[in-house]
file query_31.txt (compact mmCIF, C-alpha atoms and all ligand atoms)
# COMPACT_ATOMS: atom_id res chain seq x y z
CA MET A 1137 -184.94 76.89 34.07
CA SER A 1138 -182.57 76.46 37.04
CA ILE A 1139 -182.92 78.77 40.02
CA TYR A 1140 -179.79 80.16 41.68
CA SER A 1141 -179.21 82.59 44.52
CA ARG A 1142 -177.19 85.80 44.79
CA PHE A 1143 -176.60 88.67 47.19
CA THR A 1144 -178.85 91.59 46.30
CA GLY A 1145 -178.25 93.82 49.33
CA THR A 1146 -175.88 94.20 52.26
CA GLY A 1147 -175.93 96.22 55.48
CA SER A 1148 -174.03 96.60 58.73
CA TYR A 1149 -174.24 98.32 62.08
CA PHE A 1150 -171.68 98.95 64.82
CA PRO A 1151 -172.48 100.60 68.15
CA PRO A 1152 -170.80 104.03 68.50
CA LYS A 1153 -168.79 103.35 71.68
CA ILE A 1154 -165.17 102.38 70.96
CA MET A 1155 -162.86 100.58 73.39
CA THR A 1156 -159.16 100.73 72.47
CA ASN A 1157 -156.45 98.31 73.61
CA ASP A 1158 -155.11 101.07 75.86
CA ASP A 1159 -158.55 101.34 77.49
CA ILE A 1160 -158.35 97.61 78.34
CA ALA A 1161 -154.78 97.96 79.60
CA LYS A 1162 -156.12 100.34 82.28
CA PHE A 1163 -157.88 97.44 84.07
CA LEU A 1164 -156.04 94.30 82.84
CA ASP A 1165 -152.41 93.18 82.70
CA THR A 1166 -152.05 93.56 78.92
CA SER A 1167 -150.78 96.08 76.38
CA ASP A 1168 -151.61 97.52 72.97
CA GLU A 1169 -148.33 96.04 71.73
CA TRP A 1170 -149.21 92.45 72.84
CA ILE A 1171 -152.73 92.58 71.42
CA VAL A 1172 -151.71 94.09 68.06
CA THR A 1173 -148.76 91.69 67.62
CA ARG A 1174 -150.71 88.52 68.52
CA THR A 1175 -154.05 89.36 66.91
CA GLY A 1176 -153.94 92.49 64.73
CA ILE A 1177 -156.76 94.08 66.79
CA LYS A 1178 -156.45 97.77 67.79
CA GLN A 1179 -159.96 98.52 69.05
CA ARG A 1180 -163.50 97.13 69.19
CA HIS A 1181 -167.01 98.62 69.35
CA VAL A 1182 -169.04 97.99 72.48
CA ALA A 1183 -172.84 97.96 72.70
CA GLU A 1184 -174.21 99.94 75.62
CA ASP A 1185 -177.89 100.54 74.97
CA GLU A 1186 -178.22 98.31 71.90
CA SER A 1187 -179.17 94.64 72.14
CA CYS A 1188 -178.07 91.98 69.68
CA SER A 1189 -181.47 92.17 67.96
CA ASP A 1190 -181.35 96.01 67.78
CA MET A 1191 -178.02 95.84 65.94
CA ALA A 1192 -179.28 92.99 63.72
CA ALA A 1193 -182.41 94.94 62.78
CA GLU A 1194 -180.37 98.06 61.87
CA ALA A 1195 -178.08 96.02 59.61
CA GLY A 1196 -181.11 94.24 58.13
CA LYS A 1197 -182.85 97.55 57.31
CA LYS A 1198 -179.83 98.73 55.32
CA ALA A 1199 -179.56 95.42 53.43
CA LEU A 1200 -183.27 95.57 52.51
CA GLU A 1201 -182.85 99.17 51.31
CA MET A 1202 -179.95 98.20 49.05
CA ALA A 1203 -181.92 95.23 47.68
CA GLY A 1204 -184.90 97.51 47.03
CA LEU A 1205 -187.21 95.29 49.07
CA GLN A 1206 -189.84 95.92 51.72
CA SER A 1207 -189.64 93.72 54.80
CA ASN A 1208 -192.99 92.12 53.94
CA GLN A 1209 -191.41 90.71 50.77
CA LEU A 1210 -189.10 88.48 52.84
CA ASP A 1211 -189.79 84.75 52.97
CA ALA A 1212 -187.45 84.15 55.92
CA ILE A 1213 -185.12 85.85 58.39
CA ILE A 1214 -182.14 83.85 59.62
CA VAL A 1215 -179.97 85.26 62.40
CA ALA A 1216 -176.61 83.64 63.14
CA THR A 1217 -175.50 84.52 66.66
CA LEU A 1218 -173.83 83.09 69.75
CA SER A 1219 -175.01 86.04 71.87
CA PRO A 1220 -178.80 86.11 71.36
CA ASP A 1221 -180.83 88.59 73.46
CA THR A 1222 -182.57 85.59 74.99
CA ILE A 1223 -182.78 81.91 74.20
CA MET A 1224 -186.49 82.35 73.53
CA PRO A 1225 -187.86 84.27 71.69
CA SER A 1226 -185.11 83.88 69.14
CA THR A 1227 -183.21 86.95 67.99
CA ALA A 1228 -184.62 86.36 64.49
CA CYS A 1229 -188.20 86.67 65.81
CA ARG A 1230 -187.26 89.92 67.57
CA VAL A 1231 -185.73 91.21 64.32
CA GLN A 1232 -188.80 90.15 62.34
CA TYR A 1233 -190.96 92.24 64.70
CA LYS A 1234 -188.58 95.23 64.62
CA LEU A 1235 -188.56 95.17 60.81
CA GLY A 1236 -192.33 94.68 60.57
CA ALA A 1237 -191.79 91.55 58.49
CA LYS A 1238 -194.98 89.77 59.59
CA THR A 1239 -195.30 86.68 59.36
CA CYS A 1240 -192.30 85.27 57.56
CA MET A 1241 -190.38 82.34 58.98
CA ALA A 1242 -187.67 83.43 61.44
CA PHE A 1243 -185.07 81.41 63.31
CA ASP A 1244 -181.57 81.57 64.80
CA ILE A 1245 -178.52 79.53 63.87
CA ALA A 1246 -175.94 78.65 66.52
CA ALA A 1247 -172.69 77.92 64.73
CA ALA A 1248 -170.48 80.56 66.39
CA CYS A 1249 -168.14 82.36 63.98
CA SER A 1250 -169.19 80.11 61.09
CA GLY A 1251 -172.85 81.03 61.59
CA PHE A 1252 -173.22 83.46 58.69
CA LEU A 1253 -171.92 80.84 56.24
CA TYR A 1254 -174.31 78.27 57.74
CA GLY A 1255 -177.17 80.77 57.31
CA VAL A 1256 -176.31 81.51 53.68
CA ARG A 1257 -176.15 77.76 53.00
CA VAL A 1258 -179.69 77.31 54.35
CA ALA A 1259 -180.94 80.36 52.41
CA ASP A 1260 -179.28 79.16 49.20
CA GLY A 1261 -180.88 75.71 49.60
CA MET A 1262 -184.36 77.16 50.26
CA ILE A 1263 -184.08 79.43 47.22
CA ARG A 1264 -182.76 76.73 44.88
CA SER A 1265 -185.54 74.38 45.97
CA GLY A 1266 -188.10 77.04 45.02
CA SER A 1267 -189.50 77.42 48.55
CA ALA A 1268 -188.29 81.03 48.97
CA LYS A 1269 -187.36 84.04 46.83
CA ASN A 1270 -185.86 86.52 49.29
CA ILE A 1271 -184.17 85.69 52.58
CA LEU A 1272 -182.46 88.06 55.01
CA VAL A 1273 -179.39 86.44 56.57
CA ILE A 1274 -177.86 88.32 59.49
CA GLY A 1275 -174.76 87.72 61.62
CA ALA A 1276 -175.11 89.68 64.87
CA GLU A 1277 -173.22 89.62 68.15
CA HIS A 1278 -173.26 91.27 71.55
CA LEU A 1279 -170.11 89.48 72.69
CA THR A 1280 -168.81 92.12 75.10
CA ALA A 1281 -171.69 91.06 77.37
CA CYS A 1282 -170.55 87.41 77.20
CA VAL A 1283 -166.80 87.61 77.81
CA ASP A 1284 -165.06 87.35 81.15
CA TRP A 1285 -163.42 90.77 81.50
CA ARG A 1286 -160.92 89.26 83.98
CA ASP A 1287 -159.62 86.80 81.35
CA ARG A 1288 -157.06 88.69 79.28
CA SER A 1289 -156.63 85.82 76.81
CA THR A 1290 -160.22 86.05 75.51
CA CYS A 1291 -161.83 89.43 76.39
CA ILE A 1292 -159.35 91.35 74.24
CA LEU A 1293 -160.49 89.50 71.13
CA PHE A 1294 -164.17 90.28 70.82
CA GLY A 1295 -166.40 93.16 69.73
CA ASP A 1296 -170.07 93.91 69.01
CA GLY A 1297 -171.86 94.54 65.72
CA ALA A 1298 -174.11 93.12 63.03
CA GLY A 1299 -173.93 92.49 59.31
CA ALA A 1300 -176.73 91.45 56.98
CA ALA A 1301 -177.25 90.27 53.43
CA VAL A 1302 -180.36 89.71 51.35
CA VAL A 1303 -180.10 86.48 49.38
CA SER A 1304 -182.48 86.45 46.40
CA ALA A 1305 -183.47 84.09 43.60
CA ASP A 1306 -181.85 84.69 40.21
CA THR A 1307 -181.49 82.95 36.88
CA ALA A 1308 -177.68 83.26 36.97
CA PRO A 1309 -175.53 81.78 39.75
CA GLY A 1310 -174.22 84.28 42.29
CA ILE A 1311 -173.39 81.87 45.11
CA LYS A 1312 -171.32 79.23 43.32
CA SER A 1313 -170.15 76.93 46.10
CA ILE A 1314 -170.69 76.68 49.82
CA PHE A 1315 -169.46 74.14 52.38
CA ASN A 1316 -170.16 73.78 56.10
CA TYR A 1317 -168.55 71.46 58.62
CA ALA A 1318 -168.55 70.71 62.35
CA ASP A 1319 -166.59 68.51 64.73
CA GLY A 1320 -168.26 68.29 68.14
CA GLU A 1321 -165.31 66.31 69.53
CA TYR A 1322 -163.56 69.64 70.11
CA GLY A 1323 -166.55 71.45 71.64
CA GLU A 1324 -164.76 71.95 74.97
CA LEU A 1325 -162.04 74.10 73.36
CA LEU A 1326 -164.35 77.08 72.88
CA LYS A 1327 -167.56 77.21 74.83
CA GLN A 1328 -170.12 79.22 76.75
CA ASP A 1329 -172.78 77.72 78.99
CA ASN A 1330 -175.11 80.32 77.59
CA LEU A 1331 -177.95 82.16 79.24
CA GLY A 1332 -178.46 84.88 76.62
CA SER A 1333 -176.60 88.18 76.37
CA GLN A 1334 -179.31 90.35 77.90
CA TYR A 1335 -179.20 88.22 81.06
CA LEU A 1336 -175.41 88.23 81.12
CA LYS A 1337 -175.32 92.02 80.74
CA LYS A 1338 -177.08 92.33 84.11
CA MET A 1339 -174.52 89.98 85.66
CA ILE A 1340 -171.47 91.84 84.37
CA ASN A 1341 -170.39 92.86 87.88
CA GLU A 1342 -170.89 89.38 89.34
CA PRO A 1343 -169.44 87.18 86.62
CA ALA A 1344 -169.76 83.42 86.91
CA VAL A 1345 -167.05 81.84 84.79
CA ASP A 1346 -169.19 79.08 83.32
CA HIS A 1347 -171.60 81.67 81.92
CA MET A 1348 -168.83 83.44 80.02
CA ILE A 1349 -166.93 82.55 76.86
CA GLN A 1350 -163.94 80.35 77.61
CA MET A 1351 -161.37 79.45 75.01
CA LYS A 1352 -158.21 77.37 74.79
CA GLY A 1353 -156.92 79.88 72.25
CA ASN A 1354 -153.70 78.14 71.34
CA ASP A 1355 -155.39 74.77 70.60
CA VAL A 1356 -158.13 76.52 68.62
CA PHE A 1357 -155.50 78.49 66.71
CA LYS A 1358 -153.74 75.34 65.46
CA ILE A 1359 -156.96 73.76 64.16
CA ALA A 1360 -158.28 77.06 62.75
CA VAL A 1361 -155.21 77.77 60.61
CA ARG A 1362 -155.52 74.48 58.72
CA ALA A 1363 -159.34 74.31 58.57
CA MET A 1364 -159.78 77.88 57.24
CA ALA A 1365 -157.12 77.44 54.57
CA ASP A 1366 -158.49 74.02 53.47
CA ALA A 1367 -162.07 75.32 53.38
CA ALA A 1368 -161.18 78.43 51.38
CA GLN A 1369 -159.35 76.30 48.84
CA GLU A 1370 -162.29 73.86 48.61
CA ALA A 1371 -164.80 76.64 47.87
CA ALA A 1372 -162.54 78.26 45.26
CA ASP A 1373 -161.93 74.91 43.51
CA ALA A 1374 -165.62 73.97 43.51
CA ALA A 1375 -166.54 77.35 42.00
CA GLY A 1376 -163.80 76.95 39.39
CA PHE A 1377 -161.95 80.10 40.60
CA SER A 1378 -158.19 80.01 40.02
CA SER A 1379 -156.01 82.38 42.10
CA ASP A 1380 -155.98 85.07 39.44
CA GLN A 1381 -159.78 84.92 39.07
CA ILE A 1382 -160.36 85.71 42.76
CA ASP A 1383 -160.93 89.45 43.18
CA TRP A 1384 -161.40 89.39 46.97
CA MET A 1385 -161.17 87.16 49.97
CA ILE A 1386 -163.39 87.83 52.99
CA PRO A 1387 -162.10 85.66 55.83
CA HIS A 1388 -163.61 85.36 59.30
CA GLN A 1389 -161.78 87.97 61.35
CA ALA A 1390 -160.37 86.21 64.43
CA ASN A 1391 -156.65 86.70 64.06
CA LEU A 1392 -154.46 88.28 61.37
CA ARG A 1393 -152.03 85.37 61.51
CA ILE A 1394 -154.82 82.86 60.65
CA ILE A 1395 -156.05 85.15 57.85
CA ASP A 1396 -152.54 85.48 56.38
CA ALA A 1397 -152.18 81.68 56.26
CA ALA A 1398 -155.52 81.22 54.46
CA ALA A 1399 -154.73 83.98 51.92
CA LYS A 1400 -151.30 82.48 51.29
CA ARG A 1401 -152.86 79.07 50.52
CA LEU A 1402 -155.05 80.70 47.86
CA GLY A 1403 -152.03 82.52 46.44
CA LEU A 1404 -153.61 85.93 47.13
CA ASP A 1405 -151.82 89.22 47.77
CA LYS A 1406 -152.66 90.96 51.05
CA GLU A 1407 -154.33 93.80 49.13
CA LYS A 1408 -157.05 91.39 48.01
CA VAL A 1409 -158.03 90.41 51.56
CA ILE A 1410 -160.81 92.42 53.20
CA ILE A 1411 -159.89 93.07 56.83
CA ASN A 1412 -162.02 94.82 59.45
CA LEU A 1413 -160.57 93.03 62.48
CA THR A 1414 -158.20 95.92 63.25
CA ASN A 1415 -160.98 98.36 64.14
CA TYR A 1416 -163.79 96.03 65.22
CA GLY A 1417 -162.14 92.94 66.77
CA ASN A 1418 -163.68 89.51 66.35
CA THR A 1419 -167.43 90.02 65.99
CA SER A 1420 -167.94 86.26 65.41
CA ALA A 1421 -170.94 85.62 63.12
CA ALA A 1422 -170.91 89.30 62.11
CA THR A 1423 -167.35 89.48 60.75
CA ILE A 1424 -168.03 88.26 57.20
CA PRO A 1425 -171.27 90.18 56.51
CA THR A 1426 -169.92 93.42 58.03
CA ALA A 1427 -166.68 93.17 56.01
CA LEU A 1428 -168.72 92.37 52.89
CA ASP A 1429 -170.99 95.38 53.43
CA GLN A 1430 -168.10 97.75 54.11
CA ALA A 1431 -166.28 96.62 50.95
CA VAL A 1432 -169.43 96.88 48.83
CA ARG A 1433 -170.26 100.36 50.13
CA ASP A 1434 -166.74 101.75 49.71
CA GLY A 1435 -166.61 100.41 46.14
CA ARG A 1436 -163.94 97.73 46.53
CA ILE A 1437 -166.35 94.86 45.79
CA GLN A 1438 -168.36 95.52 42.64
CA ARG A 1439 -170.94 93.56 40.68
CA GLY A 1440 -169.25 90.72 38.80
CA HIS A 1441 -166.33 90.40 41.24
CA ASN A 1442 -165.41 86.90 42.44
CA VAL A 1443 -165.17 86.51 46.20
CA VAL A 1444 -164.04 83.63 48.44
CA SER A 1445 -164.97 83.52 52.10
CA ALA A 1446 -164.04 81.14 54.94
CA ALA A 1447 -164.85 80.96 58.64
CA PHE A 1448 -163.96 78.98 61.73
CA GLY A 1449 -165.45 78.99 65.22
CA GLY A 1450 -166.79 77.31 68.34
CA GLY A 1451 -168.45 73.93 67.98
CA LEU A 1452 -166.00 73.46 66.43
CA THR A 1453 -167.52 74.62 63.15
CA TRP A 1454 -166.07 75.86 59.90
CA GLY A 1455 -167.07 76.54 56.34
CA SER A 1456 -166.47 78.43 53.14
CA MET A 1457 -168.24 79.99 50.19
CA ALA A 1458 -167.32 81.27 46.73
CA PHE A 1459 -169.60 83.72 44.94
CA THR A 1460 -169.81 86.26 42.19
CA PHE A 1461 -171.23 89.44 43.65
N1 LIG B 1 -151.89 90.35 77.19
C1 LIG B 1 -150.68 89.94 77.58
N2 LIG B 1 -150.34 88.64 77.68
C2 LIG B 1 -151.27 87.74 77.39
C3 LIG B 1 -152.58 88.09 76.98
C4 LIG B 1 -152.88 89.46 76.90
N3 LIG B 1 -154.09 89.91 76.49
N4 LIG B 1 -153.29 86.97 76.74
C5 LIG B 1 -152.47 85.93 77.00
N5 LIG B 1 -151.25 86.40 77.40
C6 LIG B 1 -150.05 85.62 77.77
C7 LIG B 1 -150.39 84.24 78.26
O1 LIG B 1 -150.67 84.27 79.64
C8 LIG B 1 -149.15 83.47 77.91
O2 LIG B 1 -148.18 83.77 78.91
P1 LIG B 1 -147.18 82.60 79.42
O3 LIG B 1 -146.39 82.20 78.24
O4 LIG B 1 -146.39 83.29 80.49
O5 LIG B 1 -148.07 81.50 79.93
C9 LIG B 1 -148.65 84.12 76.62
O6 LIG B 1 -149.29 85.41 76.56
C10 LIG B 1 -149.00 83.33 75.38
O7 LIG B 1 -150.38 82.94 75.40
P2 LIG B 1 -151.04 82.13 74.24
O8 LIG B 1 -152.46 81.85 74.59
O9 LIG B 1 -150.17 80.96 73.88
O10 LIG B 1 -150.97 83.21 73.04
P3 LIG B 1 -151.26 82.99 71.52
O11 LIG B 1 -150.11 83.42 70.73
O12 LIG B 1 -151.85 81.63 71.22
O13 LIG B 1 -152.41 84.06 71.23
C11 LIG B 1 -154.80 84.08 70.86
C12 LIG B 1 -153.67 83.95 71.89
C13 LIG B 1 -154.71 85.47 70.26
C14 LIG B 1 -156.11 83.89 71.58
C15 LIG B 1 -154.61 83.01 69.75
O14 LIG B 1 -154.41 81.75 70.33
C16 LIG B 1 -155.80 82.91 68.81
O15 LIG B 1 -156.07 83.81 68.03
N6 LIG B 1 -156.48 81.76 68.81
C17 LIG B 1 -157.55 81.44 67.83
C18 LIG B 1 -158.83 82.16 68.13
C19 LIG B 1 -159.89 81.71 67.15
O16 LIG B 1 -159.67 81.61 65.96
N7 LIG B 1 -161.07 81.41 67.66
C20 LIG B 1 -162.13 80.91 66.80
C21 LIG B 1 -163.11 81.94 66.48
S1 LIG B 1 -163.83 82.68 67.88
C22 LIG B 1 -165.38 82.00 68.11
O17 LIG B 1 -165.83 81.06 67.48
C23 LIG B 1 -166.20 82.59 69.18

call {"tool": "encode", "arguments": {"input": "query_31.txt", "output": "structure tokens", "more": "lines below"}}
Ligand code: ACO
result
Amino acid sequence: MSIYSRFTGTGSYFPPKIMTNDDIAKFLDTSDEWIVTRTGIKQRHVAEDESCSDMAAEAGKKALEMAGLQSNQLDAIIVATLSPDTIMPSTACRVQYKLGAKTCMAFDIAAACSGFLYGVRVADGMIRSGSAKNILVIGAEHLTACVDWRDRSTCILFGDGAGAAVVSADTAPGIKSIFNYADGEYGELLKQDNLGSQYLKKMINEPAVDHMIQMKGNDVFKIAVRAMADAAQEAADAAGFSSDQIDWMIPHQANLRIIDAAAKRLGLDKEKVIINLTNYGNTSAATIPTALDQAVRDGRIQRGHNVVSAAFGGGLTWGSMAFTF
């Protein structure tokens, strides 16, 4: 009998502190009007006392609860992040300890905003090969500690938070297609000479530019529009989903204009696109799992619904996935 994988639980966590566009306009030459028009973002959540691994563990707990699993039933924990607490130990090992998931395999994935889709691909492969039954995949970011708050073209984009999903073995296919790509030629367009978010947090008042996220936003935008739309179409085709069979699209939440282009390519109405960018900003690897969890918990996404997801980020990396929830 073939083994497949499906999502059995989801969870998310956002820190309570909110920073609106008007709050940013108090210390930077920008405006709510510019940010909303160019990106669709109105506010973002900002971690104060929480670390990336704290947020990841909270999201993971909720996903385990929904899946009806104890942490010691996990075979692996995969954390996708570009803002790990530290380079070593990995954020996944910190999460494993916080969840009491001794001694399952735990590791981080660095694929920027595409990281959650990379993580699910690895989990799906491990499950299909029979080497694992339950894997916790988390996308978690503490990006407000990694941006240059003097650079109005990037700091306005990002927020903090974590989303998680339990991927479990099943006899029927839940995850139906998944693709991941990278093109290192364009690595310079979006980069951070990283030292770990907990270190950067201490340096927030003495920022060194090469430790912070830097992005040539306009160049990234042009590549992202095409890559996200192509990838979404590829996943839908491979899963055999025609436009009218797609119940929901969960795109990476970087910019409403990029999302609109990807949805248009799939022939989807705006009502079918799950958006959380407006209230949370771009939370990189956390955008897809947090949007998934919110839509599952508020009843929009139900068991049996067909979903297409696509992401694009630093690396450059991109990918897509089609699944039946
Ligand atoms: N407020 C006011 N003006 C601003 C701001 C701001 N916050 N930021 C930039 N500007 C100005 C610029 O200085 C420029 O002024 P100029 O014309 O006088 O030089 C003007 O606005 C236009 O700037 P652009 O950078 O061309 O603006 P654009 O329309 O491209 O929007 C944005 C910028 C929102 C960053 C867009 O390029 C974008 O979304 N890019 C893609 C981001 C993305 O998808 N990243 C990948 C995922 S993220 C990850 O992996 C970590």

call {"tool": "atom_distance", "arguments": {"input": "query_31.txt", "atom1": "CA of Lys1178 (chain A)", "atom2": "CA of Gly1417 (chain A)"}}
result
7.5 Å

call {"tool": "residues_near_ligand", "arguments": {"input": "query_31.txt", "ligand": "ligand LIG 1 (chain B)", "cutoff": "6 Å", "atoms": "all atoms listed in the file", "output": "PyMOL selection string"}}
result
chain A and resi 1166-1167+1170-1171+1174-1175+1248-1249+1288-1289+1292+1353-1354+1356-1357+1360+1390-1391+1420+1448-1450

call {"tool": "write_last_selection", "arguments": {"input": "query_31.txt", "atoms": "C-alpha atoms", "output": "PDB file, in the frame of the given file"}}
result
ATOM      1  CA  THR A1166    -152.050  93.560  78.920  1.00  0.00           C
ATOM      2  CA  SER A1167    -150.780  96.080  76.380  1.00  0.00           C
ATOM      3  CA  TRP A1170    -149.210  92.450  72.840  1.00  0.00           C
ATOM      4  CA  ILE A1171    -152.730  92.580  71.420  1.00  0.00           C
ATOM      5  CA  ARG A1174    -150.710  88.520  68.520  1.00  0.00           C
ATOM      6  CA  THR A1175    -154.050  89.360  66.910  1.00  0.00           C
ATOM      7  CA  ALA A1248    -170.480  80.560  66.390  1.00  0.00           C
ATOM      8  CA  CYS A1249    -168.140  82.360  63.980  1.00  0.00           C
ATOM      9  CA  ARG A1288    -157.060  88.690  79.280  1.00  0.00           C
ATOM     10  CA  SER A1289    -156.630  85.820  76.810  1.00  0.00           C
ATOM     11  CA  ILE A1292    -159.350  91.350  74.240  1.00  0.00           C
ATOM     12  CA  GLY A1353    -156.920  79.880  72.250  1.00  0.00           C
ATOM     13  CA  ASN A1354    -153.700  78.140  71.340  1.00  0.00           C
ATOM     14  CA  VAL A1356    -158.130  76.520  68.620  1.00  0.00           C
ATOM     15  CA  PHE A1357    -155.500  78.490  66.710  1.00  0.00           C
ATOM     16  CA  ALA A1360    -158.280  77.060  62.750  1.00  0.00           C
ATOM     17  CA  ALA A1390    -160.370  86.210  64.430  1.00  0.00           C
ATOM     18  CA  ASN A1391    -156.650  86.700  64.060  1.00  0.00           C
ATOM     19  CA  SER A1420    -167.940  86.260  65.410  1.00  0.00           C
ATOM     20  CA  PHE A1448    -163.960  78.980  61.730  1.00  0.00           C
ATOM     21  CA  GLY A1449    -165.450  78.990  65.220  1.00  0.00           C
ATOM     22  CA  GLY A1450    -166.790  77.310  68.340  1.00  0.00           C
TER      23      GLY A1450
END

call {"tool": "atom_distance", "arguments": {"input": "query_31.txt", "atom1": "CA of Met1241 (chain A)", "atom2": "CA of Tyr1254 (chain A)"}}
result
16.6 Å

call {"tool": "closest_residue", "arguments": {"input": "query_31.txt", "among": "A:Thr1426, A:Asn1208, A:Asn1341, A:Ser1250", "to": "Asn1270 (chain A)", "atoms": "all atoms listed in the file"}}
result
A:Asn1208

call {"tool": "residues_near_point", "arguments": {"input": "query_31.txt", "point": "(-190.3, 81.4, 48.9)", "cutoff": "10 Å", "atoms": "only C-alpha atoms", "output": "NGL selection string"}}
result
:A and (1209-1212 or 1240 or 1262-1271 or 1304-1305)

call {"tool": "residues_around", "arguments": {"input": "query_31.txt", "residues": "Gly1297 (chain A)", "least_positions_apart": "2", "cutoff": "9 Å", "atoms": "all atoms listed in the file", "output": "PDB file with C-alpha atoms, in the coordinates of the input"}}
result
ATOM      1  CA  SER A1148    -174.030  96.600  58.730  1.00  0.00           C
ATOM      2  CA  TYR A1149    -174.240  98.320  62.080  1.00  0.00           C
ATOM      3  CA  PHE A1150    -171.680  98.950  64.820  1.00  0.00           C
ATOM      4  CA  PRO A1151    -172.480 100.600  68.150  1.00  0.00           C
ATOM      5  CA  HIS A1181    -167.010  98.620  69.350  1.00  0.00           C
ATOM      6  CA  VAL A1182    -169.040  97.990  72.480  1.00  0.00           C
ATOM      7  CA  ALA A1183    -172.840  97.960  72.700  1.00  0.00           C
ATOM      8  CA  CYS A1188    -178.070  91.980  69.680  1.00  0.00           C
ATOM      9  CA  MET A1191    -178.020  95.840  65.940  1.00  0.00           C
ATOM     10  CA  ALA A1192    -179.280  92.990  63.720  1.00  0.00           C
ATOM     11  CA  ALA A1195    -178.080  96.020  59.610  1.00  0.00           C
ATOM     12  CA  GLY A1275    -174.760  87.720  61.620  1.00  0.00           C
ATOM     13  CA  ALA A1276    -175.110  89.680  64.870  1.00  0.00           C
ATOM     14  CA  GLU A1277    -173.220  89.620  68.150  1.00  0.00           C
ATOM     15  CA  HIS A1278    -173.260  91.270  71.550  1.00  0.00           C
ATOM     16  CA  LEU A1279    -170.110  89.480  72.690  1.00  0.00           C
ATOM     17  CA  GLY A1295    -166.400  93.160  69.730  1.00  0.00           C
ATOM     18  CA  GLY A1299    -173.930  92.490  59.310  1.00  0.00           C
ATOM     19  CA  TYR A1416    -163.790  96.030  65.220  1.00  0.00           C
ATOM     20  CA  THR A1419    -167.430  90.020  65.990  1.00  0.00           C
ATOM     21  CA  ALA A1422    -170.910  89.300  62.110  1.00  0.00           C
ATOM     22  CA  THR A1423    -167.350  89.480  60.750  1.00  0.00           C
ATOM     23  CA  THR A1426    -169.920  93.420  58.030  1.00  0.00           C
TER      24      THR A1426
END

call {"tool": "build_atoms", "arguments": {"input": "query_31.txt", "residues": "region 1281-1291 of chain A", "atoms": "N, CA, C and O atoms", "output": "mmCIF file, in the frame of the given file"}}
result
data_model
loop_
_atom_site.group_PDB
_atom_site.id
_atom_site.type_symbol
_atom_site.label_atom_id
_atom_site.label_comp_id
_atom_site.auth_asym_id
_atom_site.auth_seq_id
_atom_site.Cartn_x
_atom_site.Cartn_y
_atom_site.Cartn_z
ATOM 1 N N ALA A 1281 -170.887 91.424 76.193
ATOM 2 C CA ALA A 1281 -171.690 91.060 77.370
ATOM 3 C C ALA A 1281 -171.426 89.610 77.784
ATOM 4 O O ALA A 1281 -171.895 89.176 78.836
ATOM 5 N N CYS A 1282 -170.712 88.862 76.962
ATOM 6 C CA CYS A 1282 -170.550 87.410 77.200
ATOM 7 C C CYS A 1282 -169.129 87.012 77.565
ATOM 8 O O CYS A 1282 -168.880 85.842 77.845
ATOM 9 N N VAL A 1283 -168.182 87.974 77.490
ATOM 10 C CA VAL A 1283 -166.800 87.610 77.810
ATOM 11 C C VAL A 1283 -166.510 87.848 79.286
ATOM 12 O O VAL A 1283 -167.178 88.647 79.944
ATOM 13 N N ASP A 1284 -165.513 87.156 79.781
ATOM 14 C CA ASP A 1284 -165.060 87.350 81.150
ATOM 15 C C ASP A 1284 -163.991 88.433 81.110
ATOM 16 O O ASP A 1284 -162.871 88.204 80.636
ATOM 17 N N TRP A 1285 -164.348 89.621 81.602
ATOM 18 C CA TRP A 1285 -163.420 90.770 81.500
ATOM 19 C C TRP A 1285 -162.224 90.645 82.431
ATOM 20 O O TRP A 1285 -161.378 91.524 82.484
ATOM 21 N N ARG A 1286 -162.131 89.515 83.174
ATOM 22 C CA ARG A 1286 -160.920 89.260 83.980
ATOM 23 C C ARG A 1286 -159.955 88.348 83.216
ATOM 24 O O ARG A 1286 -158.843 88.118 83.652
ATOM 25 N N ASP A 1287 -160.428 87.768 82.100
ATOM 26 C CA ASP A 1287 -159.620 86.800 81.350
ATOM 27 C C ASP A 1287 -158.981 87.475 80.141
ATOM 28 O O ASP A 1287 -159.597 87.629 79.086
ATOM 29 N N ARG A 1288 -157.714 87.879 80.319
ATOM 30 C CA ARG A 1288 -157.060 88.690 79.280
ATOM 31 C C ARG A 1288 -156.850 87.918 77.975
ATOM 32 O O ARG A 1288 -156.619 88.509 76.928
ATOM 33 N N SER A 1289 -156.893 86.574 78.037
ATOM 34 C CA SER A 1289 -156.630 85.820 76.810
ATOM 35 C C SER A 1289 -157.858 85.742 75.898
ATOM 36 O O SER A 1289 -157.732 85.408 74.727
ATOM 37 N N THR A 1290 -159.045 86.066 76.400
ATOM 38 C CA THR A 1290 -160.220 86.050 75.510
ATOM 39 C C THR A 1290 -160.896 87.421 75.368
ATOM 40 O O THR A 1290 -161.321 87.783 74.272
ATOM 41 N N CYS A 1291 -161.006 88.207 76.476
ATOM 42 C CA CYS A 1291 -161.830 89.430 76.390
ATOM 43 C C CYS A 1291 -161.272 90.436 75.396
ATOM 44 O O CYS A 1291 -162.015 91.214 74.804
#
